[in-house]
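upload.cif, holding mmCIF, C-alpha atoms:
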data_final
#
loop_
_atom_site.label_atom_id
_atom_site.label_comp_id
_atom_site.auth_asym_id
_atom_site.auth_seq_id
_atom_site.Cartn_x
_atom_site.Cartn_y
_atom_site.Cartn_z
CA MET A 267 -23.42 26.74 81.52
CA SER A 268 -22.49 30.26 80.60
CA SER A 269 -18.89 29.21 79.93
CA GLU A 270 -20.14 26.52 77.55
CA ASN A 271 -22.18 29.20 75.74
CA ASP A 272 -19.09 31.40 75.62
CA ILE A 273 -17.11 28.58 74.07
CA GLN A 274 -19.85 27.94 71.48
CA LYS A 275 -19.99 31.66 70.69
CA GLU A 276 -16.24 31.82 70.24
CA MET A 277 -16.26 28.70 68.10
CA LEU A 278 -19.02 30.18 65.92
CA GLU A 279 -17.01 33.40 65.51
CA ARG A 280 -13.87 31.48 64.58
CA ALA A 281 -15.86 29.29 62.17
CA THR A 282 -17.36 32.34 60.48
CA GLU A 283 -13.86 33.83 60.18
CA LEU A 284 -12.68 30.55 58.69
CA VAL A 285 -15.45 30.58 56.03
CA GLN A 286 -14.71 34.22 55.24
CA ASN A 287 -10.97 33.56 54.87
CA LEU A 288 -11.65 30.57 52.65
CA LYS A 289 -13.98 32.62 50.46
CA ASP A 290 -11.27 35.32 50.22
CA GLY A 291 -8.71 32.69 49.23
CA ASN A 292 -6.62 33.49 52.32
CA SER A 293 -5.53 29.95 52.99
CA GLU A 294 -2.76 30.84 55.44
CA ASN A 295 -5.18 32.51 57.83
CA ALA A 296 -7.72 29.72 57.23
CA ASN A 297 -5.19 27.09 58.37
CA GLU A 298 -4.34 29.08 61.47
CA ILE A 299 -8.03 29.38 62.39
CA LEU A 300 -8.56 25.66 61.76
CA ALA A 301 -5.67 24.79 64.08
CA SER A 302 -7.11 27.05 66.79
CA LEU A 303 -10.50 25.34 66.42
CA ILE A 304 -8.95 21.94 67.22
CA LYS A 305 -8.26 23.04 70.78
CA PHE A 306 -12.04 23.28 71.30
CA ALA A 307 -12.29 19.54 70.72
CA ASP A 308 -13.02 17.31 73.69
CA PRO A 309 -9.82 17.20 75.82
CA ASN A 310 -10.79 13.63 76.73
CA MET A 311 -10.02 12.61 73.18
CA PHE A 312 -6.30 13.30 73.75
CA ASN A 313 -6.37 11.34 76.98
CA GLU A 314 -7.99 8.46 75.13
CA ILE A 315 -5.37 8.54 72.38
CA GLY A 316 -2.68 8.51 75.11
CA LYS A 317 -4.31 5.51 76.73
CA ILE A 318 -4.60 3.61 73.46
CA THR A 319 -0.93 4.35 72.67
CA ARG A 320 0.12 3.05 76.07
CA GLU A 321 -1.99 -0.08 75.67
CA LEU A 322 -0.52 -0.67 72.22
CA HIS A 323 2.99 -0.30 73.66
CA ASP A 324 2.19 -2.70 76.51
CA ALA A 325 0.68 -5.18 74.08
CA LEU A 326 3.84 -5.05 71.95
CA VAL A 327 6.06 -5.54 75.00
CA GLY A 328 3.74 -8.34 76.11
CA PHE A 329 4.11 -9.95 72.72
CA GLU A 330 7.89 -9.92 73.13
CA VAL A 331 7.54 -11.54 76.55
CA ASP A 332 5.11 -14.10 75.10
CA THR A 333 7.56 -15.00 72.33
CA HIS A 334 10.39 -15.43 74.84
CA MET A 335 8.18 -17.45 77.16
CA THR A 336 7.19 -19.68 74.26
CA GLU A 337 10.84 -20.21 73.44
CA LEU A 338 11.56 -21.03 77.08
CA ALA A 339 8.66 -23.45 77.29
CA GLU A 340 9.24 -25.07 73.89
CA SER A 341 12.96 -25.55 73.82
CA GLU A 342 14.92 -24.36 76.82
CA ILE A 343 12.93 -26.13 79.54
CA PRO A 344 12.95 -29.51 77.73
CA ASP A 345 16.70 -28.95 77.15
CA ALA A 346 17.12 -28.24 80.85
CA LYS A 347 15.36 -31.52 81.63
CA GLU A 348 17.78 -33.37 79.34
CA ARG A 349 20.70 -31.57 80.97
CA LEU A 350 19.58 -32.44 84.48
CA SER A 351 18.97 -36.07 83.48
CA TYR A 352 22.53 -36.13 82.17
CA VAL A 353 23.75 -34.69 85.48
CA LEU A 354 21.98 -37.56 87.26
CA GLU A 355 23.57 -40.05 84.89
CA MET A 356 27.06 -38.57 85.35
CA THR A 357 26.86 -38.41 89.14
CA GLU A 358 25.59 -41.98 89.26
CA ASP A 359 28.35 -43.12 86.96
CA ALA A 360 31.04 -41.34 89.02
CA ALA A 361 29.66 -42.76 92.27
CA ASN A 362 29.63 -46.27 90.79
CA LYS A 363 33.19 -45.96 89.48
CA THR A 364 34.38 -44.70 92.88
CA LEU A 365 32.52 -47.37 94.84
CA GLY A 366 33.70 -50.07 92.43
CA ALA A 367 37.30 -49.01 92.91
CA VAL A 368 36.95 -48.88 96.70
CA GLU A 369 35.36 -52.35 96.70
CA GLU A 370 38.38 -53.66 94.79
CA ILE A 371 41.06 -51.80 96.76
CA VAL A 372 39.83 -52.50 100.31
CA PRO A 373 40.12 -56.33 100.04
CA MET A 374 43.55 -55.92 98.40
CA CYS A 375 44.69 -53.77 101.35
CA GLU A 376 43.21 -56.22 103.87
CA ALA A 377 44.93 -59.19 102.19
CA ARG A 378 48.28 -57.35 102.06
CA ALA A 379 47.97 -56.19 105.67
CA GLY A 380 47.17 -59.75 106.81
CA LYS A 381 50.05 -61.21 104.82
CA SER A 382 52.60 -58.68 106.09
CA GLN A 383 51.47 -59.28 109.68
CA LEU A 384 52.10 -63.03 109.25
CA LEU A 385 55.51 -62.41 107.72
CA SER A 386 56.38 -59.93 110.44
CA ASP A 387 55.39 -62.43 113.15
CA ASP A 388 57.53 -65.15 111.54
CA TRP A 389 60.43 -62.74 111.11
CA GLU A 390 60.17 -61.87 114.80
CA LYS A 391 60.38 -65.59 115.65
CA PHE A 392 63.35 -65.98 113.30
CA THR A 393 65.27 -63.13 115.00
CA HIS A 394 64.62 -64.86 118.35
CA LYS A 395 65.88 -68.09 116.86
CA GLU A 396 62.48 -69.70 117.33
CA LEU A 397 62.14 -71.02 113.76
CA SER A 398 63.13 -74.50 112.68
CA ALA A 399 65.03 -74.95 109.40
CA ASP A 400 61.83 -76.09 107.64
CA GLU A 401 59.88 -73.16 109.04
CA PHE A 402 62.60 -70.79 107.87
CA ARG A 403 62.48 -72.28 104.35
CA THR A 404 58.72 -71.69 104.30
CA LEU A 405 59.26 -68.12 105.52
CA ALA A 406 61.85 -67.47 102.79
CA LYS A 407 59.43 -68.85 100.18
CA ASP A 408 56.59 -66.67 101.54
CA VAL A 409 58.77 -63.56 101.55
CA LYS A 410 59.78 -64.17 97.93
CA GLU A 411 56.17 -64.75 96.90
CA TYR A 412 55.14 -61.60 98.78
CA PHE A 413 57.71 -59.46 96.95
CA ASP A 414 56.89 -61.09 93.60
CA THR A 415 53.22 -60.17 93.85
CA GLU A 416 53.72 -56.86 95.66
CA HIS A 417 54.55 -54.86 92.55
CA SER A 418 51.54 -55.96 90.52
CA VAL A 419 49.19 -55.50 93.48
CA PHE A 420 50.36 -51.93 94.00
CA GLU A 421 50.12 -51.24 90.27
CA LYS A 422 46.54 -52.50 90.33
CA MET A 423 45.74 -50.38 93.37
CA LYS A 424 47.25 -47.32 91.72
CA ASP A 425 45.16 -47.94 88.59
CA ARG A 426 41.98 -48.19 90.63
CA LEU A 427 42.90 -45.02 92.58
CA ASN A 428 43.48 -43.29 89.26
CA ASP A 429 39.95 -44.30 88.26
CA VAL A 430 38.69 -42.65 91.46
CA LEU A 431 40.66 -39.52 90.61
CA MET A 432 39.31 -39.32 87.05
CA ALA A 433 35.76 -40.03 88.20
CA GLN A 434 35.83 -36.75 90.16
CA GLY A 435 35.80 -34.88 86.85
CA TYR A 436 32.00 -35.15 87.05
CA GLN A 437 31.99 -32.24 89.53
CA ASP A 438 33.33 -29.79 86.95
CA LEU A 439 31.11 -31.04 84.12
CA THR A 440 27.88 -31.29 86.11
CA GLY A 441 28.73 -27.98 87.81
CA GLN A 442 28.85 -26.25 84.42
CA ILE A 443 25.51 -27.81 83.42
CA ILE A 444 23.84 -26.89 86.71
CA LYS A 445 25.06 -23.28 86.41
CA ARG A 446 23.33 -23.10 83.02
CA VAL A 447 20.07 -24.47 84.41
CA ILE A 448 20.22 -21.96 87.31
CA SER A 449 20.56 -19.14 84.79
CA LEU A 450 17.56 -20.54 82.86
CA VAL A 451 15.48 -20.63 86.06
CA GLN A 452 16.44 -16.99 86.71
CA ASP A 453 15.39 -16.13 83.16
CA VAL A 454 12.01 -17.83 83.61
CA GLU A 455 11.52 -16.01 86.91
CA THR A 456 12.31 -12.60 85.38
CA ASN A 457 9.91 -13.26 82.51
CA LEU A 458 7.14 -14.42 84.79
CA VAL A 459 7.49 -11.22 86.83
CA ARG A 460 7.32 -9.21 83.61
CA VAL A 461 4.12 -11.01 82.58
CA ILE A 462 2.64 -10.30 86.00
CA SER A 463 3.69 -6.67 85.78
CA LEU A 464 1.85 -6.34 82.45
CA THR A 465 -1.36 -7.77 83.82
CA GLY A 466 -1.22 -6.23 87.27
CA ASN A 467 0.30 -3.19 88.89
CA VAL A 468 3.66 -4.67 89.77
CA LYS A 469 6.65 -2.41 89.15
CA THR A 470 8.36 -3.44 85.91
CA PRO A 471 11.54 -5.34 86.75
CA ARG A 472 14.83 -4.80 85.02
CA LYS A 473 15.38 -6.52 81.72
CA PRO A 474 17.05 -9.93 81.97
CA GLU A 475 20.79 -9.62 81.64
CA GLU A 476 22.38 -10.99 78.53
CA SER A 477 24.20 -14.22 79.35
CA SER A 478 27.21 -13.34 77.27
CA LYS A 479 28.97 -10.10 76.58
CA PRO A 480 28.51 -8.67 73.09
CA GLY A 481 31.21 -9.75 70.70
CA THR A 482 32.11 -12.90 72.59
CA THR A 483 31.41 -16.42 71.39
CA LYS A 484 28.58 -18.18 73.12
CA LEU A 485 30.09 -21.14 74.94
CA GLU A 486 28.21 -24.40 74.79
CA GLY A 487 29.60 -26.09 77.89
CA PRO A 488 29.72 -29.85 78.41
CA GLN A 489 28.10 -31.89 75.73
CA VAL A 490 24.81 -33.50 76.66
CA PRO A 491 24.35 -36.61 74.48
CA ALA A 492 20.59 -36.08 73.99
CA LEU A 493 21.19 -32.49 72.82
CA LYS A 494 24.09 -33.14 70.49
CA THR A 495 24.20 -30.85 67.44
CA GLU A 496 26.05 -31.39 64.17
CA GLU A 497 28.40 -28.57 65.08
CA SER A 498 29.69 -30.47 68.11
CA LEU A 499 32.43 -33.05 67.89
CA SER A 500 31.67 -36.16 69.86
CA ASN A 501 35.10 -37.20 71.14
CA GLN A 502 38.82 -36.53 71.37
CA ASP A 503 39.49 -38.41 68.11
CA ASP A 504 37.18 -36.06 66.17
CA VAL A 505 38.93 -33.09 67.76
CA ASP A 506 42.34 -34.53 66.82
CA ASP A 507 41.16 -35.12 63.24
CA LEU A 508 39.91 -31.55 62.93
CA LEU A 509 43.17 -30.17 64.35
CA SER A 510 45.32 -32.31 62.07
CA SER A 511 43.26 -31.07 59.09
CA LEU A 512 44.29 -27.59 60.25
CA GLY A 513 47.95 -28.60 60.15
CA PHE A 514 48.38 -29.62 63.79
CA MET B 286 59.40 -27.86 84.58
CA LYS B 287 57.11 -25.25 86.17
CA ILE B 288 53.46 -25.60 85.11
CA LEU B 289 50.42 -23.39 85.74
CA ILE B 290 47.01 -25.08 85.87
CA VAL B 291 44.04 -22.74 85.33
CA ASP B 292 40.45 -23.90 85.93
CA ASP B 293 37.55 -22.37 87.88
CA PHE B 294 36.68 -25.77 89.36
CA SER B 295 39.16 -26.74 92.07
CA THR B 296 38.33 -30.43 91.61
CA MET B 297 39.50 -30.31 88.00
CA ARG B 298 42.67 -28.47 89.02
CA ARG B 299 43.38 -31.24 91.54
CA ILE B 300 42.74 -33.95 88.95
CA ILE B 301 45.15 -32.36 86.47
CA LYS B 302 47.70 -31.69 89.21
CA ASN B 303 47.61 -35.37 90.26
CA LEU B 304 47.85 -36.61 86.68
CA LEU B 305 50.81 -34.33 86.01
CA ARG B 306 52.52 -35.53 89.19
CA ASP B 307 52.00 -39.07 87.95
CA LEU B 308 53.72 -38.09 84.69
CA GLY B 309 56.68 -36.76 86.67
CA PHE B 310 55.77 -33.07 86.74
CA ASN B 311 55.88 -32.04 90.38
CA ASN B 312 56.27 -28.28 90.09
CA THR B 313 52.66 -27.27 89.42
CA HIS B 314 50.80 -24.14 90.51
CA GLU B 315 47.14 -23.18 90.25
CA ALA B 316 44.91 -20.22 89.29
CA ASP B 317 41.14 -20.04 88.98
CA ASP B 318 40.74 -17.83 85.90
CA GLY B 319 42.68 -15.82 83.33
CA ASN B 320 42.71 -12.66 85.43
CA THR B 321 44.53 -14.37 88.27
CA ALA B 322 46.67 -16.49 85.95
CA LEU B 323 48.13 -13.71 83.83
CA PRO B 324 49.99 -11.85 86.62
CA ILE B 325 51.30 -15.22 87.90
CA LEU B 326 52.61 -16.06 84.42
CA LYS B 327 54.10 -12.59 84.04
CA GLY B 328 55.83 -13.16 87.37
CA GLY B 329 58.03 -15.45 85.30
CA GLY B 330 59.55 -18.88 85.48
CA TYR B 331 56.67 -20.86 83.93
CA ASP B 332 57.34 -23.35 81.14
CA PHE B 333 53.86 -24.65 80.37
CA LEU B 334 50.24 -23.54 80.74
CA VAL B 335 47.25 -25.89 81.05
CA THR B 336 43.96 -23.98 80.98
CA ASP B 337 40.20 -24.45 80.86
CA TRP B 338 38.20 -22.31 78.39
CA ASN B 339 34.94 -21.40 80.08
CA MET B 340 35.76 -19.47 83.25
CA PRO B 341 34.24 -16.39 84.84
CA GLY B 342 36.41 -13.30 84.61
CA MET B 343 38.94 -13.95 81.86
CA THR B 344 38.29 -17.05 79.75
CA GLY B 345 40.98 -19.48 78.65
CA ILE B 346 40.88 -18.29 75.05
CA ASP B 347 41.43 -14.68 76.16
CA LEU B 348 44.26 -15.84 78.40
CA LEU B 349 45.80 -17.67 75.42
CA LYS B 350 45.52 -14.51 73.30
CA ALA B 351 47.06 -12.43 76.09
CA VAL B 352 49.95 -14.90 76.36
CA ARG B 353 50.57 -14.80 72.61
CA VAL B 354 50.85 -11.00 72.50
CA ASP B 355 53.15 -10.79 75.53
CA GLU B 356 56.81 -10.47 74.54
CA GLU B 357 57.98 -12.61 77.46
CA LEU B 358 55.29 -15.28 77.27
CA LYS B 359 54.46 -15.63 73.57
CA THR B 360 56.39 -18.86 72.99
CA MET B 361 54.96 -20.66 76.03
CA PRO B 362 53.19 -23.93 75.10
CA VAL B 363 49.50 -23.82 75.99
CA LEU B 364 47.19 -26.82 76.38
CA LEU B 365 43.43 -26.21 76.49
CA VAL B 366 41.47 -28.74 78.55
CA THR B 367 37.81 -27.89 78.07
CA ALA B 368 34.25 -29.16 77.72
CA GLU B 369 33.80 -26.93 74.65
CA SER B 370 33.68 -29.19 71.61
CA LYS B 371 32.16 -27.11 68.82
CA LYS B 372 34.16 -27.09 65.57
CA GLU B 373 34.04 -23.31 65.50
CA GLN B 374 35.66 -23.11 68.94
CA ILE B 375 38.40 -25.61 68.14
CA ILE B 376 39.23 -23.66 64.99
CA MET B 377 39.23 -20.42 67.02
CA ALA B 378 41.64 -21.96 69.54
CA ALA B 379 43.92 -23.19 66.73
CA GLU B 380 43.94 -19.74 65.18
CA ALA B 381 44.75 -18.19 68.55
CA GLY B 382 47.86 -20.39 68.68
CA VAL B 383 46.96 -23.23 71.04
CA ASN B 384 49.46 -26.12 71.19
CA GLY B 385 47.02 -28.87 72.23
CA TYR B 386 43.29 -29.29 72.77
CA ILE B 387 41.72 -31.86 75.10
CA VAL B 388 37.96 -32.33 75.42
CA LYS B 389 36.53 -33.12 78.86
CA PRO B 390 35.85 -35.76 80.03
CA PHE B 391 39.33 -37.05 79.22
CA ASN B 392 41.65 -39.72 80.55
CA ALA B 393 45.18 -39.87 81.87
CA ALA B 394 46.49 -41.42 78.64
CA THR B 395 45.15 -38.53 76.52
CA LEU B 396 46.80 -35.95 78.78
CA SER B 397 50.10 -37.80 78.65
CA GLU B 398 49.89 -38.22 74.86
CA LYS B 399 49.12 -34.53 74.22
CA ILE B 400 51.88 -33.28 76.51
CA THR B 401 54.41 -35.60 74.89
CA LYS B 402 53.34 -34.43 71.42
CA ILE B 403 53.56 -30.76 72.38
CA PHE B 404 57.13 -31.10 73.65
CA GLU B 405 58.19 -33.33 70.74
CA ARG B 406 56.99 -30.64 68.33
CA ILE B 407 58.77 -27.91 70.28
CA ASP B 408 62.02 -29.95 70.33
CA LYS B 409 61.79 -30.53 66.55
CA SER B 410 61.31 -26.85 65.82
CA LYS B 411 64.40 -25.94 67.85
#

Once you've parsed the file, please lay out its structure as structure tokens.
Amino acid sequence: MSSENDIQKEMLERATELVQNLKDGNSENANEILASLIKFADPNMFNEIGKITRELHDALVGFEVDTHMTELAESEIPDAKERLSYVLEMTEDAANKTLGAVEEIVPMCEARAGKSQLLSDDWEKFTHKELSADEFRTLAKDVKEYFDTEHSVFEKMKDRLNDVLMAQGYQDLTGQIIKRVISLVQDVETNLVRVISLTGNVKTPRKPEESSKPGTTKLEGPQVPALKTEESLSNQDDVDDLLSSLGF
Amino acid sequence: MKILIVDDFSTMRRIIKNLLRDLGFNNTHEADDGNTALPILKGGGYDFLVTDWNMPGMTGIDLLKAVRVDEELKTMPVLLVTAESKKEQIIMAAEAGVNGYIVKPFNAATLSEKITKIFERIDKSK
């Protein structure tokens, strides 16, 4: 209690000095006294100001997180859904192309294997002189027919196998799309942790890493039909046209 | 002709390797990004480079630029085979000195056509 009285006494003395200095027109001293009086103010006030400043800062950071979350929810997640649907479509298409080719090739192989077995059996008989003249004529006809069709059958099989080869391109394209979606999921996770850290006492995580280095062009990756922009060219012909307009 | 195929996806490298073999190019080698490709190219003996654009480490466009500033490699024909199809990127590739640009997904005929064109143009300019 006595210390409070001491403080009041000191404040009164300083205040009297302040009035006197003001009356004397000694503004420099008056300012000094005024500044010294401020320290008598409630120290809690400074704590409160500190708290408000921190809250304001947190609110601003929270606003940034909110904006990013809105962006994620409004555009990037629906985009991710389109991308994943396209992945489904591409994998299905590749599987169908591969299965279709196999379904065509297997019977061709079976037919050729059966035919060559028959010819081989007859040839065996011929070398053992077990074929009649008529049977030999039939064998000669069959061999000719076999060779005549052989070329086109193998060409057809090669074409179908080429389709299987090209169909595997889906792995690269869907892989690129899936990598993007994984990075989006990581982004959502980081932002959710930040939101939680603002509302609770969780340690603030590191800021999400930028997906591309500064100064580099942002790559778009494989084109997803549902997300096509005007900036993207839709096929090889458009690319060729653009390049020829550039003198290619 | 010795060809280097650069793509981070091994499936795509195999597809291109098989298509090139079908076109009669049997001497093909592989790398999975620009950083591994560049020392291989500098090792010498390569006549043609087929590269993807979007790869971790060094991208295809940076590899192309590195090839164009290298005294030994600067005249090497480079074909980009990529999923990137934005106008801006195609223009950037053209400015960097690409010889051909194929958008994925592509087919065997397109690859054959572009390679033929590239070598026709090189023969004409000789």

Name all residues at most 8 Å from Asp408 in chain A (count all atoms listed in the file; drop same-chain ones fewer than 4 positions away) and give them as a PDB file with C-alpha atoms, in the coordinates of the input.
ATOM      1  CA  LEU A 385      55.510 -62.410 107.720  1.00  0.00           C
ATOM      2  CA  THR A 404      58.720 -71.690 104.300  1.00  0.00           C
ATOM      3  CA  TYR A 412      55.140 -61.600  98.780  1.00  0.00           C
TER       4      TYR A 412
END

>> Please list as a list in words every residue within 12 Å of Arg306 in chain B, counting all atoms listed in the file and excluding residues in the same chain fewer than 3 positions away.
In response: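 Those residues are Asn428 of chain A; Met286, Lys287, Ile288, Arg299, Ile300, Ile301, Lys302, Asn303, Gly309, Phe310, Asn311, Asn312, Thr313, His314, Ala393, Leu396 and Ser397 of chain B.
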
>> Using all atoms listed in the file and a cut-off of 10 Å, which residues of chain A sit close to chain B? Please list them as a PyMOL selection string.
In response: chain A and resi 428-439+441-442+483-489+495-506+508-509+512-514

Could you turn the residues from that selection into a file that holds C-alpha atoms, as a CSV table (one decimal), in the frame of the given file?
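Listed below is the output, result19.csv:
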chain,number,residue,atom,x,y,z
A,428,ASN,CA,43.5,-43.3,89.3
A,429,ASP,CA,40.0,-44.3,88.3
A,430,VAL,CA,38.7,-42.6,91.5
A,431,LEU,CA,40.7,-39.5,90.6
A,432,MET,CA,39.3,-39.3,87.0
A,433,ALA,CA,35.8,-40.0,88.2
A,434,GLN,CA,35.8,-36.8,90.2
A,435,GLY,CA,35.8,-34.9,86.8
A,436,TYR,CA,32.0,-35.2,87.0
A,437,GLN,CA,32.0,-32.2,89.5
A,438,ASP,CA,33.3,-29.8,87.0
A,439,LEU,CA,31.1,-31.0,84.1
A,441,GLY,CA,28.7,-28.0,87.8
A,442,GLN,CA,28.8,-26.2,84.4
A,483,THR,CA,31.4,-16.4,71.4
A,484,LYS,CA,28.6,-18.2,73.1
A,485,LEU,CA,30.1,-21.1,74.9
A,486,GLU,CA,28.2,-24.4,74.8
A,487,GLY,CA,29.6,-26.1,77.9
A,488,PRO,CA,29.7,-29.8,78.4
A,489,GLN,CA,28.1,-31.9,75.7
A,495,THR,CA,24.2,-30.8,67.4
A,496,GLU,CA,26.0,-31.4,64.2
A,497,GLU,CA,28.4,-28.6,65.1
A,498,SER,CA,29.7,-30.5,68.1
A,499,LEU,CA,32.4,-33.0,67.9
A,500,SER,CA,31.7,-36.2,69.9
A,501,ASN,CA,35.1,-37.2,71.1
A,502,GLN,CA,38.8,-36.5,71.4
A,503,ASP,CA,39.5,-38.4,68.1
A,504,ASP,CA,37.2,-36.1,66.2
A,505,VAL,CA,38.9,-33.1,67.8
A,506,ASP,CA,42.3,-34.5,66.8
A,508,LEU,CA,39.9,-31.6,62.9
A,509,LEU,CA,43.2,-30.2,64.4
A,512,LEU,CA,44.3,-27.6,60.2
A,513,GLY,CA,48.0,-28.6,60.2
A,514,PHE,CA,48.4,-29.6,63.8

Kindly resolve the PyMOL selection byres ((chain B and resi 333) around 12) on the present coordinates and return the residues as a PDB file with C-alpha atoms, in the frame of the given file.
ATOM      1  CA  MET B 286      59.400 -27.860  84.580  1.00  0.00           C
ATOM      2  CA  LYS B 287      57.110 -25.250  86.170  1.00  0.00           C
ATOM      3  CA  ILE B 288      53.460 -25.600  85.110  1.00  0.00           C
ATOM      4  CA  LEU B 289      50.420 -23.390  85.740  1.00  0.00           C
ATOM      5  CA  ILE B 290      47.010 -25.080  85.870  1.00  0.00           C
ATOM      6  CA  VAL B 291      44.040 -22.740  85.330  1.00  0.00           C
ATOM      7  CA  LEU B 305      50.810 -34.330  86.010  1.00  0.00           C
ATOM      8  CA  PHE B 310      55.770 -33.070  86.740  1.00  0.00           C
ATOM      9  CA  ASN B 312      56.270 -28.280  90.090  1.00  0.00           C
ATOM     10  CA  THR B 313      52.660 -27.270  89.420  1.00  0.00           C
ATOM     11  CA  HIS B 314      50.800 -24.140  90.510  1.00  0.00           C
ATOM     12  CA  LEU B 326      52.610 -16.060  84.420  1.00  0.00           C
ATOM     13  CA  GLY B 329      58.030 -15.450  85.300  1.00  0.00           C
ATOM     14  CA  GLY B 330      59.550 -18.880  85.480  1.00  0.00           C
ATOM     15  CA  TYR B 331      56.670 -20.860  83.930  1.00  0.00           C
ATOM     16  CA  ASP B 332      57.340 -23.350  81.140  1.00  0.00           C
ATOM     17  CA  LEU B 334      50.240 -23.540  80.740  1.00  0.00           C
ATOM     18  CA  VAL B 335      47.250 -25.890  81.050  1.00  0.00           C
ATOM     19  CA  THR B 336      43.960 -23.980  80.980  1.00  0.00           C
ATOM     20  CA  LEU B 349      45.800 -17.670  75.420  1.00  0.00           C
ATOM     21  CA  VAL B 352      49.950 -14.900  76.360  1.00  0.00           C
ATOM     22  CA  LEU B 358      55.290 -15.280  77.270  1.00  0.00           C
ATOM     23  CA  LYS B 359      54.460 -15.630  73.570  1.00  0.00           C
ATOM     24  CA  THR B 360      56.390 -18.860  72.990  1.00  0.00           C
ATOM     25  CA  MET B 361      54.960 -20.660  76.030  1.00  0.00           C
ATOM     26  CA  PRO B 362      53.190 -23.930  75.100  1.00  0.00           C
ATOM     27  CA  VAL B 363      49.500 -23.820  75.990  1.00  0.00           C
ATOM     28  CA  LEU B 364      47.190 -26.820  76.380  1.00  0.00           C
ATOM     29  CA  LEU B 365      43.430 -26.210  76.490  1.00  0.00           C
ATOM     30  CA  VAL B 383      46.960 -23.230  71.040  1.00  0.00           C
ATOM     31  CA  ASN B 384      49.460 -26.120  71.190  1.00  0.00           C
ATOM     32  CA  GLY B 385      47.020 -28.870  72.230  1.00  0.00           C
ATOM     33  CA  ILE B 400      51.880 -33.280  76.510  1.00  0.00           C
ATOM     34  CA  ILE B 403      53.560 -30.760  72.380  1.00  0.00           C
ATOM     35  CA  PHE B 404      57.130 -31.100  73.650  1.00  0.00           C
ATOM     36  CA  ILE B 407      58.770 -27.910  70.280  1.00  0.00           C
TER      37      ILE B 407
END

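Going from CA of Asp408 in chain B over to CA of Thr344 in chain B, you cover 28.6 Å.
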
> In file coordinates, which residues lie within 10 Å of (24.6, -35.6, 84.4) using all atoms listed in the file, given as number ranges by chain?
Replying inline: A: 348-360, 436-437, 439-441, 443-444, 488, 490-491

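Minimum atom-to-atom distances from A:Val459, A:Val327, A:Ala281, A:Leu427 to Glu369 in chain A were compared using all atoms listed in the file, and the lowest value belongs to A:Leu427.
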
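The spacing separating CA of Phe329 in chain A from CA of Val461 in chain A amounts to 9.9 Å.
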
Non-local contacts of Glu370 in chain A (12 Å; only C-alpha atoms; under 4 positions in same chain excluded) as a short mmCIF file (atom, residue, chain, number, x, y, z; two decimals) with C-alpha atoms, keeping the file's coordinate frame:
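Heads up, here's the output in selection.cif:
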data_model
loop_
_atom_site.label_atom_id
_atom_site.label_comp_id
_atom_site.auth_asym_id
_atom_site.auth_seq_id
_atom_site.Cartn_x
_atom_site.Cartn_y
_atom_site.Cartn_z
CA LYS A 363 33.19 -45.96 89.48
CA THR A 364 34.38 -44.70 92.88
CA LEU A 365 32.52 -47.37 94.84
CA GLY A 366 33.70 -50.07 92.43
CA MET A 374 43.55 -55.92 98.40
CA CYS A 375 44.69 -53.77 101.35
CA GLU A 376 43.21 -56.22 103.87
CA ALA A 377 44.93 -59.19 102.19
CA VAL A 419 49.19 -55.50 93.48
CA LYS A 422 46.54 -52.50 90.33
CA MET A 423 45.74 -50.38 93.37
CA LYS A 424 47.25 -47.32 91.72
CA ASP A 425 45.16 -47.94 88.59
CA ARG A 426 41.98 -48.19 90.63
CA LEU A 427 42.90 -45.02 92.58
CA ASP A 429 39.95 -44.30 88.26
CA VAL A 430 38.69 -42.65 91.46
#
